[in-house]
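As provided, query-v9.pdb (PDB, C-alpha atoms) reads as follows.
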```pdb
MODEL        1
ATOM      1  CA  MET Y   1     110.258 -38.456 135.446
ATOM      2  CA  SER Y   2     108.943 -35.246 136.947
ATOM      3  CA  LEU Y   3     107.285 -32.694 134.713
ATOM      4  CA  ARG Y   4     108.209 -29.865 137.073
ATOM      5  CA  THR Y   5     110.855 -27.441 135.922
ATOM      6  CA  PRO Y   6     113.849 -26.955 138.240
ATOM      7  CA  LEU Y   7     112.645 -23.418 138.949
ATOM      8  CA  ALA Y   8     109.205 -24.650 139.939
ATOM      9  CA  ARG Y   9     110.747 -27.208 142.263
ATOM     10  CA  VAL Y  10     112.946 -24.615 143.908
ATOM     11  CA  ARG Y  11     110.024 -22.210 144.336
ATOM     12  CA  GLY Y  12     107.985 -24.968 145.921
ATOM     13  CA  LEU Y  13     105.217 -24.541 143.387
ATOM     14  CA  GLY Y  14     102.844 -27.288 142.387
ATOM     15  CA  SER Y  15     101.110 -29.946 144.435
ATOM     16  CA  ALA Y  16     101.979 -30.274 148.097
ATOM     17  CA  ARG Y  17     100.951 -33.962 147.819
ATOM     18  CA  ASP Y  18      99.349 -33.667 151.237
ATOM     19  CA  GLY Y  19      95.726 -32.957 150.343
ATOM     20  CA  THR Y  20      94.470 -36.412 151.122
ATOM     21  CA  HIS Y  21      95.458 -36.171 154.762
ATOM     22  CA  HIS Y  22      93.567 -32.911 155.151
ATOM     23  CA  TRP Y  23      90.468 -34.421 153.506
ATOM     24  CA  TRP Y  24      90.580 -37.567 155.604
ATOM     25  CA  MET Y  25      91.153 -35.816 158.943
ATOM     26  CA  GLN Y  26      88.264 -33.467 158.160
ATOM     27  CA  ARG Y  27      85.991 -36.490 157.641
ATOM     28  CA  LEU Y  28      87.363 -38.360 160.637
ATOM     29  CA  THR Y  29      86.834 -35.449 163.011
ATOM     30  CA  ALA Y  30      83.398 -34.881 161.454
ATOM     31  CA  VAL Y  31      82.338 -38.471 162.132
ATOM     32  CA  ALA Y  32      83.623 -38.216 165.704
ATOM     33  CA  LEU Y  33      81.789 -34.938 166.214
ATOM     34  CA  VAL Y  34      78.344 -36.280 165.223
ATOM     35  CA  PRO Y  35      77.709 -38.244 168.425
ATOM     36  CA  VAL Y  36      79.893 -35.998 170.565
ATOM     37  CA  ALA Y  37      78.135 -32.783 169.504
ATOM     38  CA  LEU Y  38      74.746 -34.339 170.168
ATOM     39  CA  TRP Y  39      76.032 -35.452 173.569
ATOM     40  CA  LEU Y  40      77.136 -31.871 174.242
ATOM     41  CA  VAL Y  41      73.700 -30.507 173.389
ATOM     42  CA  GLY Y  42      71.999 -33.047 175.615
ATOM     43  CA  SER Y  43      74.424 -32.378 178.459
ATOM     44  CA  VAL Y  44      74.052 -28.600 178.245
ATOM     45  CA  ILE Y  45      70.271 -28.969 178.333
ATOM     46  CA  ALA Y  46      70.517 -31.281 181.335
ATOM     47  CA  LEU Y  47      72.857 -28.859 183.086
ATOM     48  CA  ALA Y  48      70.787 -25.732 182.405
ATOM     49  CA  GLY Y  49      70.753 -23.552 185.498
ATOM     50  CA  ALA Y  50      72.962 -25.934 187.459
ATOM     51  CA  PRO Y  51      75.028 -24.349 190.246
ATOM     52  CA  HIS Y  52      78.788 -24.259 189.980
ATOM     53  CA  HIS Y  53      79.625 -27.267 192.134
ATOM     54  CA  ASP Y  54      77.152 -29.452 190.240
ATOM     55  CA  PHE Y  55      78.753 -28.501 186.975
ATOM     56  CA  VAL Y  56      82.265 -29.161 188.279
ATOM     57  CA  ARG Y  57      81.226 -32.570 189.610
ATOM     58  CA  TRP Y  58      79.676 -33.398 186.254
ATOM     59  CA  ALA Y  59      82.697 -32.231 184.244
ATOM     60  CA  GLY Y  60      85.088 -33.986 186.597
ATOM     61  CA  HIS Y  61      83.481 -37.389 186.163
ATOM     62  CA  PRO Y  62      85.911 -39.563 184.124
ATOM     63  CA  PHE Y  63      83.364 -40.292 181.391
ATOM     64  CA  ASN Y  64      82.284 -36.671 180.921
ATOM     65  CA  ALA Y  65      85.844 -35.385 181.158
ATOM     66  CA  THR Y  66      86.949 -37.875 178.520
ATOM     67  CA  VAL Y  67      84.170 -37.015 176.069
ATOM     68  CA  LEU Y  68      84.820 -33.311 176.678
ATOM     69  CA  LEU Y  69      88.492 -33.797 175.834
ATOM     70  CA  ILE Y  70      87.550 -35.659 172.655
ATOM     71  CA  LEU Y  71      85.046 -32.904 171.826
ATOM     72  CA  ILE Y  72      87.697 -30.224 172.334
ATOM     73  CA  PHE Y  73      90.324 -31.981 170.228
ATOM     74  CA  ALA Y  74      87.968 -32.897 167.395
ATOM     75  CA  THR Y  75      86.260 -29.494 167.358
ATOM     76  CA  PHE Y  76      89.414 -27.397 167.139
ATOM     77  CA  TYR Y  77      91.056 -29.738 164.634
ATOM     78  CA  HIS Y  78      87.905 -29.752 162.465
ATOM     79  CA  ALA Y  79      87.509 -25.970 162.786
ATOM     80  CA  LYS Y  80      91.143 -25.356 161.929
ATOM     81  CA  LEU Y  81      90.910 -27.521 158.815
ATOM     82  CA  GLY Y  82      87.656 -25.865 157.762
ATOM     83  CA  LEU Y  83      88.871 -22.303 158.283
ATOM     84  CA  GLN Y  84      92.056 -23.180 156.418
ATOM     85  CA  VAL Y  85      90.168 -23.960 153.214
ATOM     86  CA  VAL Y  86      88.026 -20.842 153.622
ATOM     87  CA  ILE Y  87      91.136 -18.656 153.807
ATOM     88  CA  GLU Y  88      92.795 -20.498 150.942
ATOM     89  CA  ASP Y  89      89.662 -20.000 148.835
ATOM     90  CA  TYR Y  90      89.246 -16.273 149.384
ATOM     91  CA  VAL Y  91      92.615 -14.787 150.309
ATOM     92  CA  HIS Y  92      95.163 -14.729 147.521
ATOM     93  CA  ASN Y  93      97.616 -12.165 148.802
ATOM     94  CA  GLU Y  94     100.410 -14.394 150.077
ATOM     95  CA  TRP Y  95     101.517 -11.845 152.707
ATOM     96  CA  VAL Y  96      98.030 -11.837 154.263
ATOM     97  CA  LYS Y  97      97.204 -15.513 153.733
ATOM     98  CA  LEU Y  98     100.242 -16.988 155.423
ATOM     99  CA  PRO Y  99     100.048 -15.051 158.735
ATOM    100  CA  VAL Y 100      96.298 -15.609 158.919
ATOM    101  CA  LEU Y 101      96.705 -19.367 158.418
ATOM    102  CA  VAL Y 102      99.403 -19.472 161.084
ATOM    103  CA  LEU Y 103      97.219 -17.436 163.439
ATOM    104  CA  ILE Y 104      94.321 -19.834 162.957
ATOM    105  CA  SER Y 105      96.543 -22.804 163.741
ATOM    106  CA  PHE Y 106      97.946 -21.112 166.833
ATOM    107  CA  ALA Y 107      94.483 -20.057 168.012
ATOM    108  CA  ALA Y 108      93.160 -23.598 167.576
ATOM    109  CA  ILE Y 109      96.081 -25.010 169.544
ATOM    110  CA  PHE Y 110      95.808 -22.405 172.304
ATOM    111  CA  LEU Y 111      92.039 -22.722 172.695
ATOM    112  CA  GLY Y 112      92.308 -26.502 172.568
ATOM    113  CA  ILE Y 113      94.931 -26.608 175.296
ATOM    114  CA  ILE Y 114      93.307 -24.063 177.597
ATOM    115  CA  SER Y 115      89.924 -25.750 177.493
ATOM    116  CA  SER Y 116      91.563 -29.162 177.996
ATOM    117  CA  VAL Y 117      93.460 -27.835 181.008
ATOM    118  CA  ALA Y 118      90.165 -26.505 182.376
ATOM    119  CA  VAL Y 119      88.566 -29.946 182.008
ATOM    120  CA  LEU Y 120      91.559 -31.704 183.565
ATOM    121  CA  LYS Y 121      91.571 -29.280 186.463
ATOM    122  CA  MET Y 122      87.937 -30.076 187.183
ATOM    123  CA  ALA Y 123      88.667 -33.786 186.842
ATOM    124  CA  PHE Y 124      91.670 -33.866 189.176
ATOM    125  CA  ALA Y 125      91.433 -30.850 191.438
ATOM    126  CA  GLY Y 126      87.681 -30.312 191.638
TER     127      GLY Y 126
ATOM    128  CA  MET P   1     102.462 -12.997 140.182
ATOM    129  CA  ALA P   2      99.081 -14.110 141.468
ATOM    130  CA  ASN P   3      98.115 -10.526 142.338
ATOM    131  CA  VAL P   4      97.696  -9.232 138.774
ATOM    132  CA  GLU P   5      94.092  -8.088 138.339
ATOM    133  CA  ARG P   6      92.448 -10.338 135.786
ATOM    134  CA  PRO P   7      88.822 -10.130 134.637
ATOM    135  CA  LEU P   8      86.533 -12.793 136.080
ATOM    136  CA  SER P   9      83.499 -14.308 134.369
ATOM    137  CA  PRO P  10      80.294 -13.185 136.105
ATOM    138  CA  HIS P  11      79.024 -15.936 138.387
ATOM    139  CA  LEU P  12      77.049 -14.536 141.308
ATOM    140  CA  GLN P  13      75.405 -12.100 138.899
ATOM    141  CA  ILE P  14      74.427 -14.899 136.519
ATOM    142  CA  TYR P  15      73.600 -18.135 138.299
ATOM    143  CA  ARG P  16      70.120 -18.427 139.715
ATOM    144  CA  PRO P  17      70.271 -19.191 143.442
ATOM    145  CA  GLN P  18      69.349 -22.839 143.971
ATOM    146  CA  LEU P  19      68.847 -24.953 147.041
ATOM    147  CA  THR P  20      72.088 -26.841 146.391
ATOM    148  CA  SER P  21      74.316 -23.795 146.072
ATOM    149  CA  MET P  22      72.587 -21.865 148.854
ATOM    150  CA  MET P  23      72.922 -24.805 151.227
ATOM    151  CA  SER P  24      76.563 -25.210 150.286
ATOM    152  CA  ILE P  25      77.495 -21.650 151.166
ATOM    153  CA  SER P  26      75.330 -21.893 154.281
ATOM    154  CA  HIS P  27      77.346 -24.921 155.343
ATOM    155  CA  ARG P  28      80.468 -22.798 155.083
ATOM    156  CA  ALA P  29      78.838 -19.824 156.829
ATOM    157  CA  THR P  30      77.544 -21.943 159.732
ATOM    158  CA  GLY P  31      80.986 -23.510 160.014
ATOM    159  CA  ILE P  32      82.579 -20.109 160.405
ATOM    160  CA  ALA P  33      79.905 -19.032 162.891
ATOM    161  CA  LEU P  34      80.452 -22.201 164.918
ATOM    162  CA  ALA P  35      84.197 -21.620 164.956
ATOM    163  CA  ALA P  36      83.634 -18.109 166.290
ATOM    164  CA  GLY P  37      81.217 -19.480 168.863
ATOM    165  CA  THR P  38      83.801 -21.879 170.277
ATOM    166  CA  LEU P  39      85.292 -18.853 171.975
ATOM    167  CA  LEU P  40      82.185 -18.701 174.156
ATOM    168  CA  LEU P  41      82.430 -22.414 174.864
ATOM    169  CA  VAL P  42      86.052 -22.055 175.920
ATOM    170  CA  TRP P  43      85.208 -19.090 178.157
ATOM    171  CA  TRP P  44      82.458 -21.094 179.817
ATOM    172  CA  LEU P  45      84.725 -24.094 180.491
ATOM    173  CA  VAL P  46      87.635 -22.007 181.734
ATOM    174  CA  ALA P  47      85.299 -19.988 183.955
ATOM    175  CA  ALA P  48      83.923 -23.191 185.469
ATOM    176  CA  ALA P  49      87.452 -24.401 186.213
ATOM    177  CA  ALA P  50      88.504 -20.996 187.562
ATOM    178  CA  GLY P  51      85.916 -20.870 190.326
ATOM    179  CA  ALA P  52      82.345 -20.052 191.318
ATOM    180  CA  ASP P  53      82.718 -16.289 190.809
ATOM    181  CA  ALA P  54      84.080 -16.589 187.289
ATOM    182  CA  TYR P  55      81.457 -19.221 186.504
ATOM    183  CA  ASP P  56      78.601 -17.054 187.748
ATOM    184  CA  THR P  57      79.852 -14.129 185.663
ATOM    185  CA  ALA P  58      79.910 -16.330 182.568
ATOM    186  CA  GLN P  59      76.461 -17.783 183.333
ATOM    187  CA  ASP P  60      75.015 -14.301 183.839
ATOM    188  CA  TRP P  61      76.354 -13.103 180.512
ATOM    189  CA  ILE P  62      75.159 -16.214 178.675
ATOM    190  CA  GLY P  63      71.760 -15.729 180.334
ATOM    191  CA  SER P  64      71.453 -12.118 179.149
ATOM    192  CA  TRP P  65      69.233 -11.377 176.155
ATOM    193  CA  LEU P  66      72.286 -10.997 173.918
ATOM    194  CA  GLY P  67      73.780 -14.212 175.230
ATOM    195  CA  VAL P  68      70.550 -16.126 174.698
ATOM    196  CA  LEU P  69      70.177 -14.695 171.190
ATOM    197  CA  LEU P  70      73.713 -15.722 170.269
ATOM    198  CA  LEU P  71      73.165 -19.129 171.837
ATOM    199  CA  ILE P  72      70.000 -19.708 169.805
ATOM    200  CA  GLY P  73      71.835 -18.680 166.643
ATOM    201  CA  TRP P  74      74.804 -20.854 167.514
ATOM    202  CA  SER P  75      72.619 -23.868 168.262
ATOM    203  CA  TYR P  76      70.816 -23.463 164.937
ATOM    204  CA  ALA P  77      74.182 -23.221 163.164
ATOM    205  CA  LEU P  78      75.250 -26.365 165.008
ATOM    206  CA  PHE P  79      72.214 -28.408 163.962
ATOM    207  CA  TYR P  80      72.357 -27.168 160.379
ATOM    208  CA  HIS P  81      76.089 -27.853 160.066
ATOM    209  CA  LEU P  82      75.632 -31.236 161.770
ATOM    210  CA  LEU P  83      72.794 -32.432 159.533
ATOM    211  CA  ASN P  84      74.284 -30.998 156.336
ATOM    212  CA  GLY P  85      77.628 -32.458 157.412
ATOM    213  CA  ILE P  86      76.028 -35.906 157.521
ATOM    214  CA  ARG P  87      74.592 -35.176 154.052
ATOM    215  CA  HIS P  88      78.171 -34.428 152.939
ATOM    216  CA  LEU P  89      79.461 -37.661 154.476
ATOM    217  CA  VAL P  90      76.784 -39.589 152.571
ATOM    218  CA  TRP P  91      77.995 -37.925 149.378
ATOM    219  CA  ASP P  92      81.572 -38.842 150.300
ATOM    220  CA  ALA P  93      80.430 -42.470 150.454
ATOM    221  CA  GLY P  94      79.121 -42.027 146.917
ATOM    222  CA  TYR P  95      75.377 -41.886 147.507
ATOM    223  CA  GLY P  96      72.711 -39.274 146.983
ATOM    224  CA  PHE P  97      74.027 -37.341 144.009
ATOM    225  CA  GLU P  98      70.855 -37.729 141.939
ATOM    226  CA  LEU P  99      69.225 -34.323 141.659
ATOM    227  CA  ASP P 100      65.907 -35.320 143.227
ATOM    228  CA  VAL P 101      67.684 -37.035 146.132
ATOM    229  CA  ALA P 102      69.957 -34.041 146.650
ATOM    230  CA  TYR P 103      66.936 -31.748 146.830
ATOM    231  CA  LYS P 104      65.011 -34.080 149.152
ATOM    232  CA  SER P 105      67.961 -34.473 151.515
ATOM    233  CA  GLY P 106      68.524 -30.734 151.313
ATOM    234  CA  TRP P 107      65.004 -29.888 152.423
ATOM    235  CA  ALA P 108      65.258 -32.560 155.101
ATOM    236  CA  VAL P 109      68.342 -30.813 156.481
ATOM    237  CA  VAL P 110      66.663 -27.401 156.412
ATOM    238  CA  GLY P 111      63.535 -28.681 158.127
ATOM    239  CA  GLY P 112      65.411 -30.962 160.486
ATOM    240  CA  SER P 113      67.768 -28.255 161.712
ATOM    241  CA  VAL P 114      64.856 -25.929 162.505
ATOM    242  CA  ALA P 115      63.010 -28.761 164.231
ATOM    243  CA  LEU P 116      66.024 -29.835 166.293
ATOM    244  CA  THR P 117      66.726 -26.247 167.333
ATOM    245  CA  LEU P 118      63.131 -25.739 168.474
ATOM    246  CA  LEU P 119      63.119 -29.113 170.219
ATOM    247  CA  ALA P 120      66.380 -28.489 172.043
ATOM    248  CA  TRP P 121      65.284 -25.074 173.294
ATOM    249  CA  LEU P 122      61.838 -26.309 174.260
ATOM    250  CA  ILE P 123      63.326 -29.145 176.317
ATOM    251  CA  GLY P 124      65.932 -26.791 177.745
ATOM    252  CA  LEU P 125      63.325 -24.279 178.883
ATOM    253  CA  ILE P 126      61.168 -27.002 180.420
ATOM    254  CA  ALA P 127      64.173 -28.530 182.183
ATOM    255  CA  TYR P 128      65.223 -25.088 183.462
TER     256      TYR P 128
ENDMDL
END
```

What would the structure in this file look like if it were written as C-alpha coordinates?
Amino acid sequence: MSLRTPLARVRGLGSARDGTHHWWMQRLTAVALVPVALWLVGSVIALAGAPHHDFVRWAGHPFNATVLLILIFATFYHAKLGLQVVIEDYVHNEWVKLPVLVLISFAAIFLGIISSVAVLKMAFAG
Amino acid sequence: MANVERPLSPHLQIYRPQLTSMMSISHRATGIALAAGTLLLVWWLVAAAAGADAYDTAQDWIGSWLGVLLLIGWSYALFYHLLNGIRHLVWDAGYGFELDVAYKSGWAVVGGSVALTLLAWLIGLIAY
(Lines of atoms letter the chains of each structure in order from A and count residues from 1; the text may use other names and numbers.)
(Lines give C-alpha, C1' and ligand atoms only; values in the text may rest on other atoms or scores of the structure.)
Protein backbone atom coordinates (compact mmCIF):
# COMPACT_ATOMS: atom_id res chain seq x y z
CA MET A 1 0.00 0.00 0.00
CA SER A 2 1.52 3.28 -1.09
CA LEU A 3 1.83 6.10 1.40
CA ARG A 4 1.74 8.70 -1.37
CA THR A 5 -1.36 10.83 -1.64
CA PRO A 6 -3.12 10.86 -5.03
CA LEU A 7 -2.06 14.48 -5.48
CA ALA A 8 1.57 13.64 -4.83
CA ARG A 9 1.41 10.82 -7.36
CA VAL A 10 -0.12 13.06 -9.99
CA ARG A 11 2.47 15.79 -9.37
CA GLY A 12 5.24 13.23 -9.71
CA LEU A 13 6.62 14.09 -6.30
CA GLY A 14 8.58 11.70 -4.16
CA SER A 15 11.26 9.19 -5.06
CA ALA A 16 12.06 8.61 -8.71
CA ARG A 17 13.21 5.09 -7.70
CA ASP A 18 16.08 5.44 -10.15
CA GLY A 19 18.90 6.62 -7.90
CA THR A 20 20.68 3.31 -7.77
CA HIS A 21 21.31 3.29 -11.50
CA HIS A 22 22.88 6.73 -11.35
CA TRP A 23 25.11 5.68 -8.44
CA TRP A 24 26.19 2.46 -10.11
CA MET A 25 26.93 3.99 -13.52
CA GLN A 26 28.98 6.71 -11.81
CA ARG A 27 31.09 4.00 -10.13
CA LEU A 28 31.30 1.86 -13.25
CA THR A 29 32.51 4.72 -15.43
CA ALA A 30 34.90 5.76 -12.64
CA VAL A 31 36.47 2.30 -12.49
CA ALA A 32 36.81 2.26 -16.28
CA LEU A 33 38.37 5.71 -16.27
CA VAL A 34 41.18 4.84 -13.82
CA PRO A 35 43.29 2.84 -16.28
CA VAL A 36 42.02 4.71 -19.32
CA ALA A 37 42.86 8.16 -17.91
CA LEU A 38 46.34 7.00 -16.96
CA TRP A 39 46.73 5.60 -20.47
CA LEU A 40 45.68 9.00 -21.86
CA VAL A 41 48.29 10.80 -19.77
CA GLY A 42 51.00 8.40 -20.85
CA SER A 43 49.96 8.65 -24.50
CA VAL A 44 49.85 12.45 -24.48
CA ILE A 45 53.33 12.54 -22.95
CA ALA A 46 54.60 10.10 -25.56
CA LEU A 47 53.01 12.15 -28.34
CA ALA A 48 54.29 15.53 -27.13
CA GLY A 49 55.43 17.57 -30.11
CA ALA A 50 54.50 14.86 -32.59
CA PRO A 51 53.67 16.07 -36.11
CA HIS A 52 50.17 15.71 -37.45
CA HIS A 53 50.60 12.54 -39.48
CA ASP A 54 52.23 10.75 -36.55
CA PHE A 55 49.32 11.63 -34.34
CA VAL A 56 46.77 10.50 -36.93
CA ARG A 57 48.58 7.19 -37.40
CA TRP A 58 48.63 6.69 -33.65
CA ALA A 59 44.95 7.56 -33.19
CA GLY A 60 43.96 5.44 -36.17
CA HIS A 61 45.54 2.28 -34.80
CA PRO A 62 42.69 -0.09 -33.78
CA PHE A 63 43.89 -0.40 -30.18
CA ASN A 64 44.33 3.34 -29.63
CA ALA A 65 41.10 4.18 -31.44
CA THR A 66 39.22 1.68 -29.29
CA VAL A 67 40.60 2.97 -25.99
CA LEU A 68 39.93 6.54 -27.14
CA LEU A 69 36.31 5.64 -27.87
CA ILE A 70 35.98 4.04 -24.43
CA LEU A 71 37.63 7.11 -22.88
CA ILE A 72 35.21 9.42 -24.68
CA PHE A 73 32.11 7.45 -23.72
CA ALA A 74 33.12 6.94 -20.09
CA THR A 75 34.32 10.52 -19.64
CA PHE A 76 31.19 12.23 -20.94
CA TYR A 77 28.87 9.81 -19.16
CA HIS A 78 30.79 10.26 -15.88
CA ALA A 79 30.93 14.05 -16.34
CA LYS A 80 27.24 14.25 -17.13
CA LEU A 81 26.33 12.26 -14.03
CA GLY A 82 28.66 14.34 -11.86
CA LEU A 83 27.45 17.70 -13.15
CA GLN A 84 23.87 16.52 -12.72
CA VAL A 85 24.29 16.10 -8.96
CA VAL A 86 26.10 19.44 -8.71
CA ILE A 87 23.17 21.22 -10.37
CA GLU A 88 20.63 19.31 -8.31
CA ASP A 89 22.52 20.27 -5.14
CA TYR A 90 22.78 23.99 -5.79
CA VAL A 91 20.00 25.02 -8.16
CA HIS A 92 16.51 24.88 -6.70
CA ASN A 93 14.61 27.07 -9.11
CA GLU A 94 12.84 24.47 -11.23
CA TRP A 95 12.72 26.76 -14.30
CA VAL A 96 16.52 27.13 -14.25
CA LYS A 97 17.38 23.61 -13.11
CA LEU A 98 15.50 21.71 -15.77
CA PRO A 99 16.90 23.52 -18.86
CA VAL A 100 20.41 23.41 -17.41
CA LEU A 101 20.18 19.66 -16.80
CA VAL A 102 18.89 19.12 -20.33
CA LEU A 103 21.67 21.31 -21.72
CA ILE A 104 24.30 19.30 -19.87
CA SER A 105 22.90 16.05 -21.25
CA PHE A 106 22.79 17.44 -24.78
CA ALA A 107 26.32 18.86 -24.49
CA ALA A 108 27.65 15.52 -23.23
CA ILE A 109 25.99 13.69 -26.11
CA PHE A 110 27.16 16.20 -28.72
CA LEU A 111 30.75 16.32 -27.47
CA GLY A 112 30.81 12.55 -27.14
CA ILE A 113 29.61 12.01 -30.69
CA ILE A 114 31.81 14.64 -32.32
CA SER A 115 34.97 13.39 -30.67
CA SER A 116 34.03 9.78 -31.51
CA VAL A 117 33.47 10.75 -35.14
CA ALA A 118 36.90 12.41 -35.12
CA VAL A 119 38.50 9.21 -33.82
CA LEU A 120 36.63 7.04 -36.32
CA LYS A 121 37.63 9.32 -39.16
CA MET A 122 41.28 8.95 -38.23
CA ALA A 123 40.82 5.19 -37.90
CA PHE A 124 39.11 4.66 -41.25
CA ALA A 125 40.01 7.59 -43.47
CA GLY A 126 43.42 8.57 -42.13
CA MET B 1 6.66 26.01 -3.26
CA ALA B 2 10.36 25.26 -2.92
CA ASN B 3 11.26 28.90 -3.61
CA VAL B 4 10.01 30.38 -0.33
CA GLU B 5 12.96 31.96 1.47
CA ARG B 6 13.57 30.03 4.66
CA PRO B 7 16.33 30.73 7.19
CA LEU B 8 19.25 28.30 7.08
CA SER B 9 21.40 27.24 10.02
CA PRO B 10 24.92 28.67 9.69
CA HIS B 11 27.29 26.01 8.40
CA LEU B 12 30.17 27.52 6.45
CA GLN B 13 30.41 30.23 9.11
CA ILE B 14 30.54 27.67 11.91
CA TYR B 15 32.34 24.49 10.93
CA ARG B 16 36.10 24.56 11.13
CA PRO B 17 37.62 23.64 7.76
CA GLN B 18 39.01 20.11 7.98
CA LEU B 19 40.96 17.95 5.60
CA THR B 20 37.94 15.71 5.00
CA SER B 21 35.52 18.48 4.10
CA MET B 22 38.08 20.49 2.13
CA MET B 23 39.06 17.44 0.10
CA SER B 24 35.41 16.63 -0.53
CA ILE B 25 34.62 20.01 -2.03
CA SER B 26 37.91 19.91 -3.92
CA HIS B 27 36.83 16.62 -5.46
CA ARG B 28 33.71 18.36 -6.71
CA ALA B 29 35.64 21.43 -7.87
CA THR B 30 38.24 19.37 -9.77
CA GLY B 31 35.40 17.39 -11.32
CA ILE B 32 33.81 20.55 -12.64
CA ALA B 33 37.18 21.85 -13.87
CA LEU B 34 37.84 18.56 -15.65
CA ALA B 35 34.43 18.68 -17.30
CA ALA B 36 35.18 22.17 -18.58
CA GLY B 37 38.57 21.01 -19.78
CA THR B 38 37.07 18.26 -21.92
CA LEU B 39 36.16 21.01 -24.35
CA LEU B 40 39.87 21.45 -25.04
CA LEU B 41 40.30 17.71 -25.46
CA VAL B 42 37.45 17.58 -27.95
CA TRP B 43 38.88 20.54 -29.88
CA TRP B 44 42.25 18.82 -30.06
CA LEU B 45 40.78 15.54 -31.36
CA VAL B 46 38.49 17.20 -33.88
CA ALA B 47 41.35 19.40 -35.09
CA ALA B 48 43.53 16.33 -35.60
CA ALA B 49 40.78 14.67 -37.64
CA ALA B 50 40.08 17.87 -39.60
CA GLY B 51 43.58 18.20 -41.03
CA ALA B 52 47.14 19.40 -40.51
CA ASP B 53 46.24 23.11 -40.54
CA ALA B 54 43.54 22.79 -37.89
CA TYR B 55 45.82 20.53 -35.86
CA ASP B 56 48.72 22.97 -35.98
CA THR B 57 46.43 25.81 -34.87
CA ALA B 58 45.27 23.74 -31.91
CA GLN B 59 48.84 22.69 -31.03
CA ASP B 60 50.03 26.29 -31.19
CA TRP B 61 47.30 27.45 -28.85
CA ILE B 62 47.89 24.59 -26.41
CA GLY B 63 51.61 25.41 -26.54
CA SER B 64 51.05 29.08 -25.65
CA TRP B 65 51.71 30.20 -22.08
CA LEU B 66 47.97 30.30 -21.37
CA GLY B 67 47.48 26.88 -22.90
CA VAL B 68 50.34 25.39 -20.90
CA LEU B 69 49.06 27.00 -17.70
CA LEU B 70 45.58 25.59 -18.25
CA LEU B 71 47.05 22.21 -19.14
CA ILE B 72 49.10 22.10 -15.93
CA GLY B 73 46.01 23.03 -13.93
CA TRP B 74 43.90 20.47 -15.76
CA SER B 75 46.47 17.72 -15.26
CA TYR B 76 46.64 18.47 -11.54
CA ALA B 77 42.84 18.38 -11.36
CA LEU B 78 42.95 15.05 -13.20
CA PHE B 79 45.43 13.44 -10.81
CA TYR B 80 43.67 14.79 -7.73
CA HIS B 81 40.24 13.67 -8.95
CA LEU B 82 41.69 10.31 -10.00
CA LEU B 83 43.40 9.55 -6.69
CA ASN B 84 40.57 10.92 -4.55
CA GLY B 85 38.15 9.03 -6.79
CA ILE B 86 39.96 5.80 -5.91
CA ARG B 87 39.71 6.83 -2.24
CA HIS B 88 35.95 7.19 -2.79
CA LEU B 89 35.74 3.76 -4.44
CA VAL B 90 37.52 2.25 -1.43
CA TRP B 91 34.92 3.88 0.81
CA ASP B 92 32.18 2.50 -1.44
CA ALA B 93 33.61 -0.96 -0.78
CA GLY B 94 33.24 -0.22 2.92
CA TYR B 95 36.85 0.35 3.94
CA GLY B 96 38.79 3.28 5.30
CA PHE B 97 36.16 5.16 7.27
CA GLU B 98 38.18 5.24 10.50
CA LEU B 99 39.21 8.83 11.13
CA ASP B 100 42.96 8.18 11.19
CA VAL B 101 42.75 6.15 7.97
CA ALA B 102 40.64 8.82 6.29
CA TYR B 103 43.23 11.45 7.18
CA LYS B 104 46.16 9.28 6.09
CA SER B 105 44.55 8.44 2.76
CA GLY B 106 43.60 12.09 2.38
CA TRP B 107 47.17 13.31 2.77
CA ALA B 108 48.32 10.52 0.47
CA VAL B 109 45.97 11.82 -2.21
CA VAL B 110 47.13 15.41 -1.75
CA GLY B 111 50.80 14.45 -1.88
CA GLY B 112 50.32 11.87 -4.60
CA SER B 113 48.47 14.22 -6.93
CA VAL B 114 51.21 16.85 -6.64
CA ALA B 115 53.87 14.19 -7.18
CA LEU B 116 52.13 12.68 -10.21
CA THR B 117 51.60 16.11 -11.76
CA LEU B 118 55.28 17.01 -11.33
CA LEU B 119 56.34 13.59 -12.61
CA ALA B 120 54.12 13.74 -15.68
CA TRP B 121 55.32 17.21 -16.65
CA LEU B 122 58.95 16.37 -15.98
CA ILE B 123 58.75 13.29 -18.21
CA GLY B 124 56.79 15.25 -20.80
CA LEU B 125 59.39 18.01 -20.96
CA ILE B 126 62.23 15.51 -21.21
CA ALA B 127 60.42 13.56 -23.93
CA TYR B 128 59.69 16.80 -25.82

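Distances to chain Y were evaluated for P:Trp61, P:Tyr95, P:Trp44, P:Tyr15 using only C-alpha atoms, and the minimum falls at P:Trp44.
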
Residue contacts of Y:Met25 (10 Å, all atoms listed in the file) excluding same-chain residues fewer than 3 positions away, as a PyMOL selection string: chain Y and resi 20-22+28-31+74+77-78+81

Do you know which residues the PyMOL selection byres ((chain Y) within 9 of (chain P)) returns on this file, as number ranges by chain? Y: 27, 30-31, 33-34, 37-38, 41-42, 44-53, 55-56, 75-76, 79-80, 82-83, 86, 92-94, 111-112, 114-122, 126

Would you mind listing what lies within 9 Å of Y:Ser105 as a PyMOL selection string, with only C-alpha atoms counted and same-chain residues fewer than 3 positions away left out? chain Y and resi 77+80-81+84+100-102+108-110

Can you work out the spacing between atom CA of Y:Ile104 and atom CA of Y:Ala59 in Å, to one decimal? 27.2 Å

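Shell of P:Tyr103 at 10 Å, with all atoms listed in the file counted and residues fewer than 6 places along the chain excluded, is Gln18, Leu19, Thr20, Gly96, Phe97 and Val109 of chain P.
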
Step by step, gather every atom of stretch 44-56 of chain Y that the file lists, find the box along x, y and z that holds them, add 3 Å on each side, and finally give centre and edge lengths in Å to one decimal, as AutoDock Vina command-line options.
```
--center_x 76.3 --center_y -27.4 --center_z 185.2 --size_x 18.0 --size_y 13.7 --size_z 19.9
```

Kindly give the distance, in Å, that separates atom CA of Y:Phe73 and atom CA of Y:Leu40, rounded to a single decimal.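 We find that atom CA of Y:Phe73 and atom CA of Y:Leu40 lie 13.8 Å from each other.
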
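One distance worth recording is that between atom CA of Y:Val36 and atom CA of Y:Phe63, which is 12.2 Å.
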